[in-house]
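Trainee: Data file structure.txt (compact mmCIF, C-alpha atoms and all ligand atoms) is appended below.
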# COMPACT_ATOMS: atom_id res chain seq x y z
CA MET X 508 12.88 -16.07 -33.15
CA PRO X 509 14.37 -19.22 -34.73
CA LEU X 510 14.90 -19.14 -38.48
CA GLY X 511 14.48 -21.92 -41.01
CA LEU X 512 11.29 -23.40 -39.54
CA ASN X 513 8.92 -24.92 -42.03
CA ILE X 514 6.22 -22.29 -41.80
CA GLY X 515 4.42 -23.28 -44.97
CA ALA X 516 3.78 -26.84 -43.76
CA PRO X 517 0.15 -27.99 -44.12
CA VAL X 518 -1.96 -27.65 -40.97
CA ARG X 519 -1.98 -30.93 -39.10
CA VAL X 520 -5.49 -31.84 -37.96
CA TYR X 521 -5.36 -32.15 -34.20
CA SER X 522 -8.31 -33.84 -32.55
CA GLY X 523 -7.70 -32.77 -28.93
CA SER X 524 -7.52 -29.37 -27.28
CA MET X 525 -5.54 -26.84 -29.26
CA LEU X 526 -5.18 -24.50 -26.31
CA GLU X 527 -5.41 -25.40 -22.63
CA VAL X 528 -5.21 -22.61 -20.08
CA THR X 529 -5.12 -23.69 -16.45
CA GLY X 530 -5.42 -21.46 -13.37
CA LEU X 531 -3.69 -18.36 -14.74
CA HIS X 532 -3.01 -15.87 -11.99
CA LYS X 533 -1.22 -12.52 -12.00
CA ARG X 534 -0.73 -9.98 -9.25
CA TYR X 535 0.79 -6.48 -9.43
CA GLY X 536 1.66 -5.57 -5.83
CA ASP X 537 -1.65 -5.66 -3.96
CA LEU X 538 -3.70 -5.70 -7.14
CA VAL X 539 -4.86 -9.08 -8.40
CA ALA X 540 -5.02 -8.40 -12.15
CA VAL X 541 -6.06 -11.95 -13.13
CA GLU X 542 -7.44 -14.57 -10.79
CA ASP X 543 -7.70 -18.19 -11.80
CA VAL X 544 -8.55 -18.13 -15.51
CA SER X 545 -8.94 -21.60 -17.04
CA PHE X 546 -10.40 -22.82 -20.30
CA VAL X 547 -9.90 -25.29 -23.11
CA ALA X 548 -10.35 -24.46 -26.81
CA ARG X 549 -10.44 -26.87 -29.74
CA PRO X 550 -9.78 -26.19 -33.40
CA GLY X 551 -12.55 -24.03 -34.85
CA GLU X 552 -13.58 -22.68 -31.45
CA MET X 553 -13.59 -19.12 -30.23
CA VAL X 554 -13.30 -18.10 -26.59
CA GLY X 555 -14.48 -14.62 -25.59
CA LEU X 556 -12.78 -12.81 -22.75
CA LEU X 557 -15.21 -10.09 -21.73
CA GLY X 558 -14.83 -7.31 -19.25
CA PRO X 559 -14.65 -3.54 -18.78
CA ASN X 560 -11.45 -1.44 -18.77
CA GLY X 561 -8.90 -2.81 -16.35
CA ALA X 562 -10.66 -6.17 -16.00
CA GLY X 563 -7.51 -8.16 -16.79
CA LYS X 564 -8.08 -9.05 -20.46
CA THR X 565 -4.72 -7.87 -21.85
CA THR X 566 -2.88 -9.36 -18.88
CA THR X 567 -4.50 -12.75 -19.59
CA VAL X 568 -3.76 -12.60 -23.33
CA SER X 569 -0.16 -11.54 -22.64
CA MET X 570 0.33 -14.57 -20.39
CA ILE X 571 -1.13 -16.90 -23.04
CA ALA X 572 1.15 -15.32 -25.66
CA GLY X 573 4.16 -15.92 -23.41
CA LEU X 574 4.92 -12.20 -23.11
CA LEU X 575 4.24 -12.08 -19.39
CA PRO X 576 5.11 -14.82 -16.88
CA PRO X 577 2.12 -15.88 -14.76
CA ASP X 578 2.49 -16.08 -10.97
CA ARG X 579 0.65 -19.39 -11.16
CA GLY X 580 -0.94 -21.44 -13.88
CA GLU X 581 -0.01 -22.99 -17.15
CA VAL X 582 -0.61 -22.65 -20.89
CA ARG X 583 -0.48 -25.72 -23.13
CA ILE X 584 -0.53 -25.63 -26.91
CA GLU X 585 -1.52 -28.95 -28.49
CA GLY X 586 -0.69 -30.60 -25.20
CA GLY X 587 2.81 -29.09 -24.84
CA VAL X 588 3.96 -26.38 -22.45
CA VAL X 589 5.77 -23.46 -24.10
CA HIS X 590 9.37 -23.27 -22.89
CA GLY X 591 10.68 -19.74 -23.28
CA GLU X 592 10.63 -17.12 -26.01
CA THR X 593 12.34 -19.18 -28.73
CA ASP X 594 10.27 -22.36 -28.39
CA PRO X 595 9.04 -23.29 -31.92
CA VAL X 596 5.66 -24.15 -30.33
CA LYS X 597 5.16 -20.38 -30.06
CA LEU X 598 4.95 -20.20 -33.85
CA ARG X 599 1.54 -21.87 -33.60
CA LEU X 600 0.30 -18.71 -31.95
CA GLY X 601 -0.44 -15.29 -33.45
CA LEU X 602 -1.22 -12.12 -31.49
CA VAL X 603 -3.24 -9.12 -32.65
CA PRO X 604 -2.21 -6.62 -29.96
CA GLN X 605 -4.53 -4.00 -28.47
CA GLU X 606 -2.27 -1.21 -29.75
CA VAL X 607 -1.76 -1.14 -33.53
CA ALA X 608 1.94 -1.82 -34.29
CA LEU X 609 2.65 -0.64 -37.85
CA HIS X 610 5.05 1.67 -39.72
CA ASP X 611 2.97 4.52 -41.13
CA GLU X 612 5.48 5.56 -43.81
CA LEU X 613 5.73 2.10 -45.35
CA SER X 614 3.17 0.46 -47.59
CA ALA X 615 0.91 -2.31 -46.29
CA ARG X 616 2.95 -4.84 -48.27
CA GLU X 617 6.27 -3.55 -46.83
CA ASN X 618 4.83 -3.75 -43.33
CA LEU X 619 3.86 -7.38 -43.83
CA ALA X 620 7.27 -8.15 -45.32
CA LEU X 621 8.84 -6.86 -42.07
CA PHE X 622 6.63 -9.16 -40.02
CA GLY X 623 7.53 -11.99 -42.40
CA ALA X 624 11.25 -11.32 -41.85
CA ILE X 625 10.76 -11.72 -38.09
CA TYR X 626 9.51 -15.23 -38.81
CA GLY X 627 12.30 -15.97 -41.30
CA MET X 628 9.89 -15.94 -44.25
CA ARG X 629 10.93 -14.83 -47.76
CA GLY X 630 10.55 -15.51 -51.47
CA ALA X 631 7.55 -17.38 -52.82
CA ALA X 632 6.43 -18.60 -49.37
CA LEU X 633 6.28 -15.00 -48.09
CA ALA X 634 4.48 -13.77 -51.24
CA SER X 635 1.80 -16.43 -51.01
CA ALA X 636 1.38 -15.93 -47.21
CA MET X 637 1.00 -12.18 -47.80
CA GLU X 638 -1.59 -12.72 -50.49
CA SER X 639 -3.77 -14.90 -48.32
CA ALA X 640 -3.35 -12.62 -45.24
CA PHE X 641 -4.42 -9.60 -47.37
CA ASP X 642 -7.41 -11.59 -48.64
CA VAL X 643 -8.57 -12.59 -45.18
CA ALA X 644 -8.24 -8.99 -43.97
CA GLY X 645 -10.04 -7.64 -47.05
CA LEU X 646 -7.10 -5.40 -47.99
CA ALA X 647 -5.88 -6.98 -51.24
CA ASP X 648 -6.65 -3.81 -53.23
CA ARG X 649 -4.73 -1.55 -50.79
CA ALA X 650 -1.53 -3.61 -50.46
CA LYS X 651 0.62 -1.03 -52.27
CA ASP X 652 -0.68 2.00 -50.37
CA ARG X 653 1.10 3.67 -47.50
CA VAL X 654 -0.32 2.89 -44.08
CA SER X 655 -0.46 6.65 -43.35
CA THR X 656 -3.35 6.83 -45.87
CA PHE X 657 -5.31 4.09 -44.06
CA SER X 658 -8.34 4.64 -41.84
CA GLY X 659 -8.18 3.41 -38.23
CA GLY X 660 -10.28 0.39 -39.23
CA MET X 661 -7.97 -0.50 -42.12
CA LYS X 662 -4.94 -0.31 -39.81
CA ARG X 663 -6.70 -2.72 -37.48
CA ARG X 664 -7.30 -5.08 -40.40
CA LEU X 665 -3.63 -4.86 -41.40
CA ASN X 666 -2.71 -5.64 -37.79
CA LEU X 667 -4.82 -8.79 -38.14
CA ALA X 668 -3.16 -9.69 -41.46
CA ALA X 669 0.28 -9.32 -39.80
CA ALA X 670 -0.67 -11.75 -37.04
CA LEU X 671 -1.90 -14.30 -39.62
CA LEU X 672 1.17 -14.19 -41.84
CA HIS X 673 3.07 -17.11 -40.32
CA GLY X 674 -0.02 -19.35 -40.41
CA PRO X 675 -0.65 -19.69 -36.66
CA ARG X 676 -3.28 -22.21 -35.54
CA ILE X 677 -4.21 -20.10 -32.53
CA LEU X 678 -5.00 -16.42 -32.85
CA LEU X 679 -5.20 -14.09 -29.85
CA LEU X 680 -7.13 -10.90 -30.57
CA ASP X 681 -7.02 -8.07 -28.03
CA GLU X 682 -9.98 -5.72 -28.66
CA PRO X 683 -9.55 -5.73 -32.44
CA THR X 684 -12.63 -3.60 -33.15
CA VAL X 685 -12.16 -0.66 -30.78
CA GLY X 686 -12.68 2.60 -32.64
CA VAL X 687 -13.24 1.02 -36.07
CA ASP X 688 -15.89 2.05 -38.58
CA PRO X 689 -18.84 -0.33 -39.16
CA GLN X 690 -17.46 -1.46 -42.55
CA SER X 691 -14.12 -2.55 -41.07
CA ARG X 692 -15.90 -4.10 -38.11
CA ASN X 693 -18.03 -6.26 -40.41
CA GLN X 694 -14.94 -7.14 -42.44
CA ILE X 695 -13.11 -8.21 -39.27
CA PHE X 696 -16.12 -10.29 -38.20
CA SER X 697 -16.29 -12.12 -41.54
CA SER X 698 -12.52 -12.69 -41.42
CA LEU X 699 -12.87 -14.25 -37.98
CA GLU X 700 -15.80 -16.40 -39.06
CA GLU X 701 -13.70 -17.61 -42.01
CA LEU X 702 -10.75 -18.37 -39.70
CA LYS X 703 -13.07 -20.39 -37.46
CA ARG X 704 -14.28 -22.34 -40.50
CA GLN X 705 -10.63 -23.03 -41.38
CA GLY X 706 -10.27 -24.64 -37.94
CA LYS X 707 -8.25 -21.94 -36.20
CA THR X 708 -8.63 -21.51 -32.45
CA LEU X 709 -9.44 -17.93 -31.48
CA VAL X 710 -9.27 -16.03 -28.19
CA TYR X 711 -11.10 -12.72 -28.46
CA THR X 712 -11.12 -9.98 -25.87
CA THR X 713 -13.72 -7.26 -26.00
CA HIS X 714 -16.00 -5.11 -23.90
CA TYR X 715 -18.66 -5.27 -26.61
CA MET X 716 -20.98 -8.00 -25.40
CA GLU X 717 -22.88 -8.22 -28.68
CA GLU X 718 -19.64 -9.11 -30.54
CA ALA X 719 -18.96 -12.01 -28.19
CA GLU X 720 -22.56 -13.11 -28.52
CA ARG X 721 -22.25 -13.25 -32.29
CA LEU X 722 -18.86 -14.96 -32.53
CA CYS X 723 -17.90 -16.89 -29.41
CA ASP X 724 -18.55 -20.49 -28.36
CA ARG X 725 -17.29 -20.06 -24.81
CA ILE X 726 -17.53 -16.93 -22.69
CA ILE X 727 -15.39 -15.82 -19.77
CA ILE X 728 -16.67 -12.70 -18.03
CA ILE X 729 -14.02 -11.01 -15.87
CA ASP X 730 -14.33 -7.96 -13.67
CA HIS X 731 -11.48 -6.59 -11.53
CA GLY X 732 -9.49 -9.74 -12.37
CA LYS X 733 -12.19 -12.02 -11.00
CA VAL X 734 -13.90 -14.60 -13.18
CA MET X 735 -17.64 -13.96 -12.88
CA ALA X 736 -18.71 -16.55 -15.45
CA ASN X 737 -16.87 -19.16 -17.50
CA ASP X 738 -18.97 -21.45 -19.64
CA THR X 739 -20.51 -22.00 -23.05
CA LEU X 740 -22.48 -19.07 -24.44
CA GLU X 741 -25.76 -20.87 -23.79
CA ALA X 742 -24.85 -21.76 -20.20
CA VAL X 743 -23.74 -18.19 -19.47
CA ARG X 744 -27.05 -16.92 -20.82
CA ARG X 745 -28.83 -19.30 -18.44
CA LEU X 746 -27.06 -17.69 -15.46
CA VAL X 747 -29.88 -15.18 -15.45
CA PRO X 748 -32.84 -17.42 -16.26
CA SER X 749 -36.07 -16.01 -17.61
CA VAL X 750 -34.89 -12.41 -17.67
CA ASN X 751 -36.63 -10.47 -20.38
CA VAL X 752 -36.56 -6.82 -21.25
CA LEU X 753 -39.78 -5.08 -22.25
CA GLU X 754 -39.08 -2.20 -24.61
CA ILE X 755 -41.86 0.35 -24.59
CA GLY X 756 -42.12 3.58 -26.52
CA VAL X 757 -43.68 6.18 -24.20
CA GLU X 758 -45.01 9.36 -25.83
CA ASN X 759 -45.45 11.43 -22.68
CA PRO X 760 -42.72 10.43 -20.18
CA GLY X 761 -42.88 11.98 -16.72
CA GLN X 762 -40.45 14.13 -14.77
CA ASP X 763 -37.54 12.86 -12.61
CA GLY X 764 -38.57 9.90 -10.51
CA TRP X 765 -41.50 8.94 -12.77
CA LEU X 766 -40.30 5.33 -12.87
CA ASP X 767 -40.12 4.84 -9.09
CA GLY X 768 -43.70 3.52 -8.97
CA LEU X 769 -42.98 1.14 -11.86
CA ARG X 770 -39.93 -0.27 -10.08
CA ALA X 771 -42.20 -1.16 -7.16
CA VAL X 772 -44.48 -3.26 -9.39
CA GLU X 773 -44.17 -6.94 -8.53
CA GLY X 774 -41.84 -8.86 -10.88
CA VAL X 775 -40.03 -5.73 -12.15
CA SER X 776 -36.30 -5.89 -11.39
CA ALA X 777 -35.20 -2.72 -13.22
CA ALA X 778 -36.64 0.14 -15.25
CA ALA X 779 -34.69 2.69 -17.30
CA TRP X 780 -35.65 5.49 -19.72
CA ASP X 781 -33.09 6.43 -22.39
CA GLY X 782 -34.95 9.43 -23.80
CA SER X 783 -36.96 7.46 -26.34
CA THR X 784 -37.54 3.96 -25.02
CA LEU X 785 -38.50 2.60 -21.64
CA ARG X 786 -36.70 -0.65 -20.79
CA VAL X 787 -38.27 -2.74 -18.08
CA THR X 788 -36.46 -5.87 -16.91
CA VAL X 789 -38.83 -8.59 -15.73
CA LEU X 790 -38.14 -12.07 -14.45
CA ASP X 791 -41.20 -13.66 -15.96
CA LEU X 792 -42.49 -12.30 -19.24
CA LEU X 793 -46.00 -13.74 -19.01
CA ALA X 794 -46.59 -12.96 -15.34
CA SER X 795 -45.00 -9.51 -15.23
CA SER X 796 -45.93 -7.86 -18.52
CA PRO X 797 -49.64 -7.31 -17.68
CA PRO X 798 -48.98 -5.43 -14.38
CA VAL X 799 -46.39 -3.23 -16.16
CA LEU X 800 -48.91 -2.29 -18.86
CA VAL X 801 -51.67 -1.78 -16.29
CA TRP X 802 -49.40 0.58 -14.31
CA LEU X 803 -48.55 2.63 -17.43
CA ASN X 804 -52.25 2.82 -18.34
CA GLU X 805 -53.31 3.85 -14.83
CA GLN X 806 -50.69 6.63 -14.84
CA ASN X 807 -52.06 7.83 -18.21
CA TYR X 808 -48.84 7.22 -20.13
CA ARG X 809 -49.36 6.76 -23.86
CA CYS X 810 -47.42 3.93 -25.49
CA SER X 811 -46.41 3.96 -29.15
CA HIS X 812 -44.99 0.45 -29.34
CA LEU X 813 -44.10 -2.56 -27.27
CA SER X 814 -41.61 -5.38 -27.84
CA SER X 815 -39.55 -7.78 -25.74
CA GLN X 816 -35.94 -8.96 -25.87
CA ARG X 817 -34.44 -12.04 -24.28
CA ALA X 818 -31.56 -11.51 -21.87
CA ASP X 819 -28.34 -10.73 -23.67
CA LEU X 820 -24.80 -10.82 -22.32
CA GLU X 821 -25.10 -7.15 -21.38
CA THR X 822 -27.94 -8.10 -19.05
CA VAL X 823 -25.92 -11.03 -17.70
CA PHE X 824 -23.01 -8.70 -16.92
CA LEU X 825 -25.34 -6.20 -15.25
CA THR X 826 -26.90 -8.94 -13.15
CA LEU X 827 -23.55 -10.45 -12.10
CA THR X 828 -21.74 -7.20 -11.30
CA GLY X 829 -24.53 -4.67 -10.71
CA ARG X 830 -22.94 -2.37 -13.33
CA SER X 831 -23.10 -1.86 -17.05
CA VAL X 832 -19.96 -3.06 -18.85
CA ARG X 833 -19.66 0.28 -20.68
CA ASN X 834 -19.89 2.47 -17.57
CA ALA X 835 -18.05 0.16 -15.22
N1 LIG M 1 2.54 -3.51 -15.70
C1 LIG M 1 1.59 -3.27 -14.82
N2 LIG M 1 1.87 -2.83 -13.58
C2 LIG M 1 0.91 -2.61 -12.67
N3 LIG M 1 -0.40 -2.79 -12.90
C3 LIG M 1 -0.76 -3.23 -14.12
C4 LIG M 1 0.21 -3.48 -15.15
N4 LIG M 1 -0.45 -3.92 -16.25
C5 LIG M 1 -1.75 -3.92 -15.94
N5 LIG M 1 -1.94 -3.51 -14.67
C6 LIG M 1 -3.24 -3.42 -13.98
O1 LIG M 1 -3.87 -4.68 -14.05
C7 LIG M 1 -5.26 -4.52 -14.26
C8 LIG M 1 -5.65 -5.26 -15.52
O2 LIG M 1 -5.10 -4.57 -16.65
P1 LIG M 1 -5.35 -5.07 -18.15
O3 LIG M 1 -4.54 -4.21 -19.04
O4 LIG M 1 -5.13 -6.54 -18.20
O5 LIG M 1 -6.89 -4.76 -18.33
P2 LIG M 1 -7.81 -4.85 -19.63
O6 LIG M 1 -8.99 -5.70 -19.26
O7 LIG M 1 -7.01 -5.26 -20.79
O8 LIG M 1 -8.32 -3.34 -19.80
P3 LIG M 1 -8.60 -2.46 -21.12
O9 LIG M 1 -10.02 -2.80 -21.55
O10 LIG M 1 -8.53 -1.05 -20.62
O11 LIG M 1 -7.57 -2.78 -22.14
C9 LIG M 1 -5.54 -3.02 -14.30
O12 LIG M 1 -5.96 -2.63 -13.02
C10 LIG M 1 -4.19 -2.43 -14.64
O13 LIG M 1 -4.06 -1.14 -14.09
MG MG M 2 -6.56 -4.37 -22.56
Could you render the structure from this file as structure tokens?

Mentor:
Amino acid sequence: MPLGLNIGAPVRVYSGSMLEVTGLHKRYGDLVAVEDVSFVARPGEMVGLLGPNGAGKTTTVSMIAGLLPPDRGEVRIEGGVVHGETDPVKLRLGLVPQEVALHDELSARENLALFGAIYGMRGAALASAMESAFDVAGLADRAKDRVSTFSGGMKRRLNLAAALLHGPRILLLDEPTVGVDPQSRNQIFSSLEELKRQGKTLVYTTHYMEEAERLCDRIIIIDHGKVMANDTLEAVRRLVPSVNVLEIGVENPGQDGWLDGLRAVEGVSAAAWDGSTLRVTVLDLLASSPPVLVWLNEQNYRCSHLSSQRADLETVFLTLTGRSVRNA
């Protein structure tokens, strides 16, 4: 990593694409890990890379970060191609890796100082960068504590602070909320929302569809390396038009196979019972809800409540791949 770069320089406002990824492709032997991933992200935008285990998320992020050479395709940062490991353009990029990379026996502050040293940062510039990274990660009050006393969620937040230290304009986050407690998860979400407001460009991989739905402007759904959807959040939602899910509390559910008759009702595309709620997927809420209720009534099922949900990304994934993202 080159030393002496002016890391503390004010962020230049760039009106074009901050990050341009074109036709990224990676193969391991016969396995196509990533097939033709392309997208453009501007300052203040967040791109979600969604898919189950083994989909190709880390491989894609590693290629964008310059850690893995693509077989084909190109990554441009502010219009320029990154040339090799020591290209100063790489300093505009920060990576929060999937695996937490910290020294347990050192304090949070000492860990950040080590990351700072990698980027040639010291003195007042390092101190002020550390302060703002701790603030964003919500760890200012734990800076002096040893990492070995941190919860899993706090370690994840420190991992995020480490990636922010050198003031990158693009942040790549590889499943930053896996295994974290709800408090840390909310803290990470507010940090990311703040970074978006500051105009950073974010690439976020996850297999939690609801996270992408909350945070991302553009969604890429990948499965077995193949891009199943790649568009704005709204456009991806429209891939499964008019899908609604009826949620019905049934007080006296039947034995195995009790939903077979319901699945045969016209307009019903799926029906599932999770032990407390019946979820019926229908293509047309107005046309299909009455026959569903009539069927339940005719079979003498008692209903405690009824509500409907619009299609979420989970439903989109299910429709595109035939599988749930969690059980894929
Ligand atoms: N170095 C490697 N050699 C061979 N195959 C690899 C290598 N790295 C990844 N793969 C394969 O490429 C595919 C994509 O892996 P990748 O780690 O990108 O998935 P992922 O979406 O990040 O999954 P996870 O959610 O489990 O982190 C998988 O089938 C994986 O086994
Ligand atoms: Mg991964």

Trainee: Quick one, how far is atom CA of X:Tyr808 from atom CA of X:Asp781?

Mentor: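 Separation of atom CA of X:Tyr808 and atom CA of X:Asp781: 15.9 Å.
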
Trainee: Residues of chain X that have any atom at most 8 Å from an atom of ligand MG 2 (chain M): could you tabulate them with the shortest-distance atom pair and the distance in Å to one decimal, using all atoms listed in the file, ordered by chain and increasing number, as a tab-separated table?

Mentor:
residue	atom	partner	partner_atom	distance
X:Asn560	CA	M:MG2	MG	6.8
X:Gly561	CA	M:MG2	MG	6.8
X:Ala562	CA	M:MG2	MG	7.9
X:Gly563	CA	M:MG2	MG	7.0
X:Lys564	CA	M:MG2	MG	5.4
X:Thr565	CA	M:MG2	MG	4.0
X:Thr566	CA	M:MG2	MG	7.2
X:Gln605	CA	M:MG2	MG	6.3
X:Asp681	CA	M:MG2	MG	6.6
X:Glu682	CA	M:MG2	MG	7.1
X:Thr712	CA	M:MG2	MG	8.0

Trainee: How about saving the chosen residues, C-alpha atoms kept, as a PDB file, in the coordinates of the input?

Mentor:
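Final output, saved to result-v3.pdb:
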ATOM      1  CA  ASN X 560     -11.450  -1.440 -18.770  1.00  0.00           C
ATOM      2  CA  GLY X 561      -8.900  -2.810 -16.350  1.00  0.00           C
ATOM      3  CA  ALA X 562     -10.660  -6.170 -16.000  1.00  0.00           C
ATOM      4  CA  GLY X 563      -7.510  -8.160 -16.790  1.00  0.00           C
ATOM      5  CA  LYS X 564      -8.080  -9.050 -20.460  1.00  0.00           C
ATOM      6  CA  THR X 565      -4.720  -7.870 -21.850  1.00  0.00           C
ATOM      7  CA  THR X 566      -2.880  -9.360 -18.880  1.00  0.00           C
ATOM      8  CA  GLN X 605      -4.530  -4.000 -28.470  1.00  0.00           C
ATOM      9  CA  ASP X 681      -7.020  -8.070 -28.030  1.00  0.00           C
ATOM     10  CA  GLU X 682      -9.980  -5.720 -28.660  1.00  0.00           C
ATOM     11  CA  THR X 712     -11.120  -9.980 -25.870  1.00  0.00           C
TER      12      THR X 712
END

Trainee: What are the closest atom pairs, with distances in Å to one decimal, for each residue of chain X lying within 10 Å of ligand LIG 1 (chain M), using only C-alpha atoms and all ligand atoms, rows by chain and rising residue number, as a tab-separated table?

Mentor:
residue	atom	partner	partner_atom	distance
X:Lys533	CA	M:LIG1	O1	8.5
X:Arg534	CA	M:LIG1	O1	7.8
X:Tyr535	CA	M:LIG1	C2	5.0
X:Gly536	CA	M:LIG1	C2	7.5
X:Asp537	CA	M:LIG1	N3	9.5
X:Leu538	CA	M:LIG1	O1	7.0
X:Val539	CA	M:LIG1	O1	7.2
X:Ala540	CA	M:LIG1	O1	4.3
X:Val541	CA	M:LIG1	C8	7.1
X:Leu556	CA	M:LIG1	O6	8.8
X:Leu557	CA	M:LIG1	O6	8.0
X:Gly558	CA	M:LIG1	O6	6.1
X:Pro559	CA	M:LIG1	O9	5.4
X:Asn560	CA	M:LIG1	O9	3.4
X:Gly561	CA	M:LIG1	O5	3.4
X:Ala562	CA	M:LIG1	O6	3.7
X:Gly563	CA	M:LIG1	O4	3.2
X:Lys564	CA	M:LIG1	O6	3.7
X:Thr565	CA	M:LIG1	O7	3.6
X:Thr566	CA	M:LIG1	O4	3.7
X:Thr567	CA	M:LIG1	O4	6.4
X:Val568	CA	M:LIG1	O4	8.1
X:Ser569	CA	M:LIG1	O4	8.3
X:Met570	CA	M:LIG1	O4	10.0
X:Leu575	CA	M:LIG1	N1	9.5
X:Gln605	CA	M:LIG1	O11	7.1
X:Glu606	CA	M:LIG1	O11	9.4
X:Asp681	CA	M:LIG1	O7	7.8
X:Glu682	CA	M:LIG1	O11	7.5
X:Val685	CA	M:LIG1	O9	9.7
X:Thr712	CA	M:LIG1	O7	8.1
X:Thr713	CA	M:LIG1	O9	7.3
X:His714	CA	M:LIG1	O9	6.8
X:Ile729	CA	M:LIG1	O6	8.1
X:Asp730	CA	M:LIG1	O6	8.1
X:His731	CA	M:LIG1	O12	7.0
X:Gly732	CA	M:LIG1	C8	6.7

Trainee: From the list X:Ala620, X:Val710, X:Leu574, X:Leu602, which residue is nearest X:His590 when using all atoms listed in the file?

Mentor: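 Smallest distance to X:His590 is found for X:Leu574.
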
Trainee: Box time for stretch 633-647 of chain X: axis-aligned, enclosing all its listed atoms, 8 Å extra on each side; report centre and edge lengths in Å to one decimal, as JSON.

Mentor:
{"center_x": -1.9, "center_y": -10.9, "center_z": -47.6, "size_x": 32.3, "size_y": 27.0, "size_z": 23.3}

Trainee: I need the residue nearest X:Ala670 from this list: X:Gly623, X:Gly782, X:Gly530, X:Gly768. Use all atoms listed in the file for the distance.

Mentor: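 Of all the options, X:Gly623 lies closest to X:Ala670.
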
Trainee: List as a list in words the protein and nucleic acid residues near X:Asn804, meaning an atom at most 12 Å away when only C-alpha atoms are counted, but skip any in the same chain fewer than 5 places from it.

Mentor: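 Near neighbours after the sequence-gap exclusion: Val757, Asn759, Leu769, Pro797, Pro798, Val799, Arg809 and Cys810 of chain X.
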
Trainee: Neighbours of X:Leu827 within 12 Å (only C-alpha atoms; same-chain residues fewer than 6 positions away dropped), as number ranges by chain?

Mentor: X: 558, 728-730, 733-736, 743-744, 746-747, 820-821

Trainee: Could you check how far atom CA of X:Glu754 sits from atom CA of X:Leu785, in Å to one decimal?

Mentor: 5.7 Å

Trainee: Tell me which protein, DNA and RNA residues are within 12 Å of X:Asp642, counting all atoms listed in the file, leaving out same-chain ones fewer than 5 positions away, and put them as a list of chain:residue names.

Mentor: X:Ser635, X:Ala636, X:Met637, X:Ala647, X:Asp648, X:Arg649, X:Ala650, X:Arg664, X:Leu665, X:Leu667, X:Ala668, X:Ala669, X:Leu671, X:Leu672, X:Gln694, X:Ile695, X:Ser697, X:Ser698, X:Glu701, X:Leu702

Trainee: Would you mind telling me which residue in X:Ala777, X:Leu803, X:Leu621, X:Ala632 lies nearest to X:Leu825 when using only C-alpha atoms?

Mentor: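 Residue with the minimum atom-to-atom distance to X:Leu825: X:Ala777.
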
Trainee: Excluding X:Gly660 and any residue of its chain fewer than 4 positions from it, enumerate the residues within 12 Å of it, using all atoms listed in the file, and give them as a ChimeraX atom specification.

Mentor: /X:607,644-646,654,656,664-667,683-695

Trainee: Any chance you can output those residues with C-alpha atoms as a short mmCIF file (atom, residue, chain, number, x, y, z; two decimals), in the frame of the given file?

Mentor:
data_model
loop_
_atom_site.label_atom_id
_atom_site.label_comp_id
_atom_site.auth_asym_id
_atom_site.auth_seq_id
_atom_site.Cartn_x
_atom_site.Cartn_y
_atom_site.Cartn_z
CA VAL X 607 -1.76 -1.14 -33.53
CA ALA X 644 -8.24 -8.99 -43.97
CA GLY X 645 -10.04 -7.64 -47.05
CA LEU X 646 -7.10 -5.40 -47.99
CA VAL X 654 -0.32 2.89 -44.08
CA THR X 656 -3.35 6.83 -45.87
CA ARG X 664 -7.30 -5.08 -40.40
CA LEU X 665 -3.63 -4.86 -41.40
CA ASN X 666 -2.71 -5.64 -37.79
CA LEU X 667 -4.82 -8.79 -38.14
CA PRO X 683 -9.55 -5.73 -32.44
CA THR X 684 -12.63 -3.60 -33.15
CA VAL X 685 -12.16 -0.66 -30.78
CA GLY X 686 -12.68 2.60 -32.64
CA VAL X 687 -13.24 1.02 -36.07
CA ASP X 688 -15.89 2.05 -38.58
CA PRO X 689 -18.84 -0.33 -39.16
CA GLN X 690 -17.46 -1.46 -42.55
CA SER X 691 -14.12 -2.55 -41.07
CA ARG X 692 -15.90 -4.10 -38.11
CA ASN X 693 -18.03 -6.26 -40.41
CA GLN X 694 -14.94 -7.14 -42.44
CA ILE X 695 -13.11 -8.21 -39.27
#

Trainee: Record the distance separating atom CA of X:Asp791 and atom CA of X:Thr828, expressed in Å with one decimal.

Mentor: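 Atom CA of X:Thr828 lies at a distance of 21.0 Å from atom CA of X:Asp791.
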
Trainee: I'd like to know which of X:Met716, X:Ala742, X:Leu679, X:Met661 is closest to X:Ala615, using only C-alpha atoms.

Mentor: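 Among the listed residues, X:Met661 lies closest to X:Ala615.
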